[in-house]
Every structure is written in structure tokens, then in C-alpha cells.
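See below for the structure under consideration.
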Amino acid sequence: MNPDFVPINGTDHIEFYVGNAKQAALFYQHCMGFQLVAYAGPETGVRDRASYVLQQEKIRFVLTTSLQSNHEIADHVRTHGDGVKVLALWVDDATRSFRETTLRGAEPAAPPKKLTDEFGEVIVSSIKTYGDTLHTFVERSRYSGPFLPGFKPVSSSLKVTPIGLKYVDHCVGNVELGQMNRWVNFYEQVMGFKLLITFDDKDISTEYSALMSKVVSNGNGYIKFPINEPAKGKKKSQIEEYLDFYHGAGVQHIAIATDDIIHTVSELRQRGVEFLRVPDVYYDDVLDRVGHINEDLQALKKLNILIDRDEEGYLLQIFTKPVQDRPTLFFEIIERNGAKSFGKGNFKALFEAIELEQGLRGNL
Ligand code: FE2
């Protein structure tokens with residue numbers, strides 16, 4: 001028996017529901033170096049929504065907004081603010097993926113459907129995961145268009161320089177207190193994922209707040225989903241702050257891999273992206289903890305990039321501030337030099353930096 005009953009080739013795309021997709025598309029182009037590649041909206045015969053497809057290397061983001069008040073997308077934005085609606089998975093067989101997962105208890109969101117246009121055909125199907133988030137299975141082996149049938153290839157007059165973002169490394173979900181194991185079980189039973197790592201509140205607690213986290217991964221390891229839940233601390237957990245403002249479970253952060261984090265983060269900072277700040281003392285003894293690294297420590301310190309090591313190597317990482325006004329979704333930029341872990345050695349410094357921001361928002 002093949003235990004991998006949902007073989008996944010990688011992340012197909014991530015779709016965000018936003019209040020103003022036209023303006024959000026400019027943020028991802030100008031600040032994060034994505035190219036506009038496709039569009040669907042009134043000009044292409046779609047009456048109820050507008051979607052912009054942005055691409056950089058293997059990463060595809062779709063920004064979708066509603067054109068109507070009484071609409072599922074408008075409801076989503078009213079409840080959650082801008083946020084991730086779909087974590088789409090690239091599969092060879094979207095019909096089988098839907099059948100295998102729903103047989104094992106996944107709640108269906110959309111049965112398999114064949115979409116066609118002049119570029120060929122795509123089969124898509126969707127199931128529900130935590131909160132209002134969906135997993136869409138995308139089977140695109142017989143398709144040569146820029147995104148999905150119905151989308152028109154477009155280019156922007158904006159001159160965009162890519163910044164070295166390569167692929168989605170992992171996507172993290174925040175779920176309600178007591179729900180982490182339920183969703184870990186979902187990924188194990190329904191999707192055939194394996195539990196990779198567990199962090200308890202002793203690993204991830206500061207003076208004030210705490211959280212627990214488990215990381216699940218699919219058969220080939222290309223898909224990694226850490227799942228967080230709040231844990232009791234003296235004050236409000238950063239996960240509770242997210243749940244309050246997102247009004248429920250949802251995607252907390254998307255980690256994007258780069259081969260040259262110094263270049264990538266220099267570009268992001270120049271273009272106005274804001275990052276969490278850890279105190280300079282972090283760098284005083286970091287090399288005692290992580291040992292030799294190839295990069296110049298002063299360059300990392302100047303950009304406030306964090307360092308961690310596991311048995312297999314080291315990693316460099318940094319976290320943006322939330323990318324919308326609600327303290328919900330943010331991005332991580334990560335460069336792996338052998339390390340397969342998630343930066344456990346940085347949790348304390350990082351969460352103290354988050355709590356500083358939480359305090360400024362009056363949410364601690
Ligand atoms: Fe992460």
C-alpha cells in the first residue's frame with residue numbers, strides 16, 4: 001500500500017482575499033519584487049471579483065477582491081480583514097486527492113471541476129481546513145496558460161526587479177486554544193502528513209506569553225505546515241491577539257526561501273518593508289551558540305537577521321511586521337544552509353520583539 005495517498009508536488013499558489021486587490025498588487029510588485037502575470041475581472045468577463053496573479057520564481061500569489069457587497073469574498077474580508085483564503089497544492093490528480101481526503105473525513109468545499117480555455121485544461125477541487133481557510137488541489141499537467149483557465153496574461157508598466165525570493169518554505173496556521181492536536185490529526189489522518197516536530201510552552205515562552213506548536217509535513221517534505229495554539233502566560237499570547245483580530249483560526253505567516261538573505265532583506269528594507277527588531281545584544285553571543293557561519297556577522301546585525309543551528313546545518317531568518325493594519329498575517333524570509341528546523345534558538349528573542357509591538361498596540 002502506498003501510504004502517500006495525497007502525493008503533492010509543491011505549493012501551487014496562495015490566494016489572499018483583500019479589500020483592494022489593485023493596490024495590494026502594487027505592494028507585492030514594488031515592495032516584494034513579484035511580477036504581475038495574469039488577471040481576471042470585469043474586463044475578462046468575470047462579473048463579481050477581480051484577481052491579480054503575481055509570480056516570483058516558484059511562488060505564485062493571487063490577490064482577489066469582491067466587486068459586490070453581498071458576496072462571500074466581501075464577508076470574508078469584513079470578518080478577517082485581508083488574509084489567506086486558499087493554500088493551493090499542486091497535484092497530479094485533483095480528483096483522486098479530493099476523493100482520498102473526503103473519504104478520510106475532510107469537509108468538501110468544491111468537488112473536482114474541469115476548467116478549460118485556449119491554453120488547455122486544469123482540474124481543481126477544494127477541501128476545508130482550519131478557520132475559513134481552504135486547500136485547493138490543482139492538476140495542471142495539460143495546461144500552458146499563465147495561471148488558470150479564465151485568466152488573461154498581462155504585464156504591468158511598473159518596472160519590477162525581483163529580490164531573490166525562490167519558493168514557499170512553510171505556511172503556519174494559528175488555531176484556537178485546545179485545537180492544535182485536532183488539526184495535527186487532520187493533517188495526519190486526512191492528508192497522510194507526518195508529525196515532524198513538537199514545541200511545547202517550555203520551548204516557546206517568555207515572561208509574558210506562550211504558545212505551543214507542532215509541525216506536520218507531507219511525504220516528500222515539500223509541504224510543511226506548523227500549527228500553533230496559544231498557551232497560558234502572564235499576559236495575552238501573540239496567538240490570542242491574532243485570533244482576536246482575525247476572528248478565528250487562519251494563516252499566521254508564510255515563510256519564503258531565498259539563497260541570499262542579505263541581498264533580499266536589503267532590498268525589502270529599501271522598498272519600505274518593516275521588520276521586527278531584536279535588541280543588538282542578541283549579536284553579542286550569538287556565534288557562541290551557533291558556531292561558524294559564512295556570512296559577515298556585522299552585515300546580519302545591520303539588517304537584524306537572526307541565526308540558528310541544528311544537527312544538519314544553520315539557517316538565517318527574519319520576520320516582517322504584520323503586512324496589513326490588523327496584527328494578523330506576516331512574512332518570514334529564510335535562508336537554509338543545511339538546517340531543516342525552524343529557528344527554535346531564536347524563539348525567545350523573537351517573541352520578546354513581538355510582545356514589544358503587541359504592547360505598543362495595547363494588546364498585551
Ligand atoms: Fe516560520
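Identifiers for the C-alpha cells are assigned positionally: chains receive A, B, ... in sequence, residues are indexed from 1 per chain, and ligands are indexed from 1 in the order shown.
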Protein and nucleic residues near ligand 1, 7 Å, only C-alpha atoms and all ligand atoms, as a list in words: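 Final answer, ordered by chain and number: His170, Val172, His253, Ile254, Ala255, Glu332 and Phe342 of chain A.
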Take the residues from that selection and write them out as a PDB file, in the first residue's frame, keeping N, CA and C atoms.
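The result, stored in part_31.pdb:
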```
ATOM      1  N   HIS A 170       7.467  27.254   4.254  1.00  0.00           N
ATOM      2  CA  HIS A 170       6.407  26.701   5.103  1.00  0.00           C
ATOM      3  C   HIS A 170       5.320  27.743   5.326  1.00  0.00           C
ATOM      4  N   VAL A 172       2.309  28.741   8.207  1.00  0.00           N
ATOM      5  CA  VAL A 172       1.944  28.469   9.597  1.00  0.00           C
ATOM      6  C   VAL A 172       0.492  28.858   9.843  1.00  0.00           C
ATOM      7  N   HIS A 253       1.746  33.057   9.272  1.00  0.00           N
ATOM      8  CA  HIS A 253       2.834  33.575   8.442  1.00  0.00           C
ATOM      9  C   HIS A 253       3.205  32.611   7.331  1.00  0.00           C
ATOM     10  N   ILE A 254       3.763  33.195   6.283  1.00  0.00           N
ATOM     11  CA  ILE A 254       4.250  32.451   5.134  1.00  0.00           C
ATOM     12  C   ILE A 254       5.750  32.675   5.102  1.00  0.00           C
ATOM     13  N   ALA A 255       6.508  31.564   5.116  1.00  0.00           N
ATOM     14  CA  ALA A 255       7.971  31.681   5.078  1.00  0.00           C
ATOM     15  C   ALA A 255       8.432  31.464   3.649  1.00  0.00           C
ATOM     16  N   GLU A 332       7.934  35.582   6.745  1.00  0.00           N
ATOM     17  CA  GLU A 332       9.284  35.233   7.204  1.00  0.00           C
ATOM     18  C   GLU A 332      10.134  35.081   5.954  1.00  0.00           C
ATOM     19  N   PHE A 342      13.315  25.205  12.382  1.00  0.00           N
ATOM     20  CA  PHE A 342      12.518  26.425  12.236  1.00  0.00           C
ATOM     21  C   PHE A 342      13.010  27.597  13.090  1.00  0.00           C
TER      22      PHE A 342
END
```
Can you list, as JSON, numbers by chain, every residue of segment 80-229 of chain A that DSSP puts in alpha helix (DSSP H)? {"A": [80, 94, 95, 96, 97, 98, 99, 100, 101, 102, 103, 180, 181, 182, 183, 184, 185, 186, 187, 188, 189]}
Residues near Leu158 of chain A, cut-off 9 Å, only C-alpha atoms, skip fewer than 4 positions along chain, as a list in words: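 That gives Leu26, Gln29 and His30 of chain A.
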Selection: 10 Å around Thr129 of chain A, only C-alpha atoms, excl. self and same-chain fewer than 2 positions, as a ChimeraX atom specification: /A:86-87,106-109,126-127,131-135,173,183,186-187,249-250
Can you write out as a Markdown table which residues of segment 124-226 of chain A fall within 12 Å of segment 2-6 of chain A, alongside each residue's closest atom pair and its distance in Å to one decimal, counting only C-alpha atoms and ordering rows by chain and ascending residue number?
```
| residue | atom | partner | partner_atom | distance |
| --- | --- | --- | --- | --- |
| A:Phe137 | CA | A:Val6 | CA | 9.8 |
| A:Tyr187 | CA | A:Val6 | CA | 10.8 |
| A:Glu188 | CA | A:Asp4 | CA | 10.7 |
| A:Gln189 | CA | A:Phe5 | CA | 10.5 |
| A:Val190 | CA | A:Val6 | CA | 9.0 |
| A:Met191 | CA | A:Val6 | CA | 6.2 |
| A:Gly192 | CA | A:Asp4 | CA | 6.1 |
| A:Phe193 | CA | A:Asp4 | CA | 8.2 |
| A:Lys194 | CA | A:Asp4 | CA | 10.3 |
| A:Ser217 | CA | A:Asp4 | CA | 11.5 |
| A:Asn218 | CA | A:Asp4 | CA | 8.1 |
| A:Gly219 | CA | A:Asp4 | CA | 6.1 |
| A:Asn220 | CA | A:Asp4 | CA | 9.0 |
| A:Gly221 | CA | A:Asp4 | CA | 11.5 |
| A:Ile223 | CA | A:Val6 | CA | 11.6 |
```
Would you list the contacts of His292 of chain A as a VMD selection string, taking every protein, DNA or RNA residue within 12 Å and counting only C-alpha atoms, but skipping same-chain residues closer than 6 positions in sequence? chain A and resid 286 307 to 309 313 to 315 337
Writer output for current selection, N, CA, C and O atoms, as a short mmCIF file (atom, residue, chain, number, x, y, z; two decimals), in the first residue's frame:
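Wrote it out as part_21.cif, contents follow:
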```cif
data_model
loop_
_atom_site.label_atom_id
_atom_site.label_comp_id
_atom_site.auth_asym_id
_atom_site.auth_seq_id
_atom_site.Cartn_x
_atom_site.Cartn_y
_atom_site.Cartn_z
N VAL A 286 25.80 35.45 19.89
CA VAL A 286 25.10 34.50 19.00
C VAL A 286 26.06 33.48 18.39
O VAL A 286 25.71 32.31 18.22
N ILE A 307 19.97 34.08 13.51
CA ILE A 307 20.75 32.90 13.14
C ILE A 307 20.40 31.75 14.08
O ILE A 307 20.22 31.97 15.28
N ASP A 308 20.30 30.54 13.54
CA ASP A 308 20.11 29.37 14.40
C ASP A 308 20.78 28.17 13.76
O ASP A 308 21.05 28.17 12.55
N ARG A 309 21.08 27.15 14.56
CA ARG A 309 21.74 25.95 14.04
C ARG A 309 21.05 24.71 14.57
O ARG A 309 20.53 24.71 15.69
N GLY A 313 22.88 21.77 10.03
CA GLY A 313 23.43 23.00 9.46
C GLY A 313 22.88 24.21 10.17
O GLY A 313 22.41 24.11 11.30
N TYR A 314 22.93 25.36 9.49
CA TYR A 314 22.39 26.56 10.13
C TYR A 314 21.38 27.24 9.22
O TYR A 314 21.24 26.89 8.04
N LEU A 315 20.64 28.18 9.78
CA LEU A 315 19.68 28.94 8.99
C LEU A 315 19.72 30.40 9.40
O LEU A 315 20.12 30.74 10.52
N ASN A 337 21.01 26.90 5.29
CA ASN A 337 22.33 26.37 4.96
C ASN A 337 22.43 24.99 5.62
O ASN A 337 23.18 24.79 6.56
#
```
Name the residues of segment 91-168 of chain A that fall into strand (DSSP E) according to DSSP on the backbone, using the chain letters and numbers of this document, as a ChimeraX atom specification. /A:108-117,120-128,134-139,152-153,165-168
Out of A:Glu229, A:Lys152, A:Gly83, A:Ser97, which residue has the shortest atom-to-atom distance to Val46 of chain A when counting only C-alpha atoms? A:Lys152
Selected residue of minimal separation from Ile333 of chain A among A:Asp203, A:Glu295, A:Asp169, A:Glu57, counting only C-alpha atoms: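 Among the listed residues, the smallest separation from Ile333 of chain A belongs to A:Asp169.
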Nearest residue to Tyr282 of chain A out of A:Val168, A:Ala88, A:Val215, A:Leu350, using only C-alpha atoms? A:Leu350
Within 12 Å of Ser209 of chain A, counting only C-alpha atoms, which residues qualify if same-chain residues fewer than 6 places away don't, as number ranges by chain? A: 201-203, 229-241, 347-348, 351-356, 358-359, 363-364
Write out, as a short mmCIF file (atom, residue, chain, number, x, y, z; two decimals), in the first residue's frame, the residues just selected, with N, CA, C and O atoms.
```
data_model
loop_
_atom_site.label_atom_id
_atom_site.label_comp_id
_atom_site.auth_asym_id
_atom_site.auth_seq_id
_atom_site.Cartn_x
_atom_site.Cartn_y
_atom_site.Cartn_z
N ASP A 201 5.17 24.64 25.58
CA ASP A 201 5.27 26.01 26.09
C ASP A 201 6.58 26.27 26.82
O ASP A 201 6.94 27.41 27.05
N LYS A 202 7.34 25.20 27.14
CA LYS A 202 8.66 25.44 27.74
C LYS A 202 9.66 25.91 26.68
O LYS A 202 10.56 26.68 26.96
N ASP A 203 9.46 25.45 25.44
CA ASP A 203 10.32 25.91 24.34
C ASP A 203 9.98 27.34 23.95
O ASP A 203 10.84 28.10 23.52
N GLU A 229 -1.04 26.93 18.75
CA GLU A 229 -2.18 27.33 19.58
C GLU A 229 -1.64 28.12 20.76
O GLU A 229 -0.49 27.95 21.15
N PRO A 230 -2.48 29.01 21.33
CA PRO A 230 -1.99 29.80 22.46
C PRO A 230 -1.78 28.93 23.69
O PRO A 230 -2.43 27.90 23.84
N ALA A 231 -0.85 29.33 24.54
CA ALA A 231 -0.67 28.67 25.84
C ALA A 231 -0.76 29.75 26.91
O ALA A 231 -0.62 30.93 26.63
N LYS A 232 -1.02 29.31 28.12
CA LYS A 232 -1.20 30.27 29.23
C LYS A 232 0.11 30.97 29.58
O LYS A 232 1.14 30.34 29.72
N GLY A 233 0.05 32.28 29.69
CA GLY A 233 1.19 33.06 30.16
C GLY A 233 0.65 34.13 31.08
O GLY A 233 -0.55 34.17 31.38
N LYS A 234 1.52 35.03 31.54
CA LYS A 234 1.07 36.10 32.44
C LYS A 234 0.12 37.05 31.72
O LYS A 234 -0.79 37.60 32.29
N LYS A 235 0.42 37.26 30.43
CA LYS A 235 -0.42 38.18 29.66
C LYS A 235 -0.85 37.50 28.37
O LYS A 235 -0.59 36.32 28.16
N LYS A 236 -1.49 38.27 27.49
CA LYS A 236 -2.11 37.67 26.31
C LYS A 236 -1.07 37.12 25.31
O LYS A 236 -0.14 37.83 24.91
N SER A 237 -1.25 35.89 24.91
CA SER A 237 -0.37 35.27 23.92
C SER A 237 -0.51 35.99 22.58
O SER A 237 -1.58 36.46 22.21
N GLN A 238 0.61 36.05 21.84
CA GLN A 238 0.57 36.62 20.48
C GLN A 238 -0.44 35.84 19.61
O GLN A 238 -1.01 36.43 18.68
N ILE A 239 -0.66 34.57 19.92
CA ILE A 239 -1.62 33.79 19.12
C ILE A 239 -3.04 34.26 19.43
O ILE A 239 -3.88 34.36 18.54
N GLU A 240 -3.30 34.56 20.72
CA GLU A 240 -4.62 35.09 21.06
C GLU A 240 -4.87 36.42 20.39
O GLU A 240 -5.99 36.70 19.95
N GLU A 241 -3.83 37.27 20.33
CA GLU A 241 -4.00 38.56 19.65
C GLU A 241 -4.41 38.32 18.19
O GLU A 241 -5.34 38.94 17.68
N PHE A 347 13.44 31.72 19.25
CA PHE A 347 12.06 31.96 19.70
C PHE A 347 11.98 33.03 20.79
O PHE A 347 11.14 33.92 20.71
N LYS A 348 12.88 32.92 21.79
CA LYS A 348 12.76 33.83 22.93
C LYS A 348 12.97 35.29 22.48
O LYS A 348 12.13 36.14 22.75
N PHE A 351 10.02 36.42 20.28
CA PHE A 351 8.73 36.63 20.91
C PHE A 351 8.77 37.84 21.82
O PHE A 351 7.76 38.52 21.99
N GLU A 352 9.96 38.15 22.36
CA GLU A 352 10.06 39.39 23.12
C GLU A 352 9.89 40.59 22.18
O GLU A 352 9.25 41.58 22.54
N ALA A 353 10.42 40.45 20.96
CA ALA A 353 10.25 41.54 19.98
C ALA A 353 8.78 41.67 19.59
O ALA A 353 8.25 42.78 19.44
N ILE A 354 8.08 40.54 19.45
CA ILE A 354 6.65 40.58 19.10
C ILE A 354 5.86 41.23 20.23
O ILE A 354 4.97 42.05 20.00
N GLU A 355 6.21 40.86 21.47
CA GLU A 355 5.46 41.42 22.62
C GLU A 355 5.65 42.92 22.75
O GLU A 355 4.74 43.63 23.16
N LEU A 356 6.84 43.39 22.37
CA LEU A 356 7.08 44.83 22.38
C LEU A 356 6.07 45.51 21.46
O LEU A 356 5.44 46.51 21.83
N GLN A 358 3.20 44.19 20.40
CA GLN A 358 1.87 43.95 20.96
C GLN A 358 1.54 45.01 22.01
O GLN A 358 0.41 45.52 22.04
N GLY A 359 2.53 45.32 22.85
CA GLY A 359 2.34 46.32 23.89
C GLY A 359 2.02 47.69 23.28
O GLY A 359 1.14 48.40 23.73
N ASN A 363 -2.31 45.54 23.18
CA ASN A 363 -2.92 44.20 23.16
C ASN A 363 -2.16 43.18 24.00
O ASN A 363 -2.16 42.00 23.69
N LEU A 364 -1.47 43.64 25.04
CA LEU A 364 -0.71 42.67 25.82
C LEU A 364 -1.42 42.38 27.13
O LEU A 364 -1.86 43.29 27.79
#
```
Mind giving me the straight-line distance from atom CA of Lys166 of chain A to atom CA of Gly33 of chain A in Å, one decimal? 11.2 Å
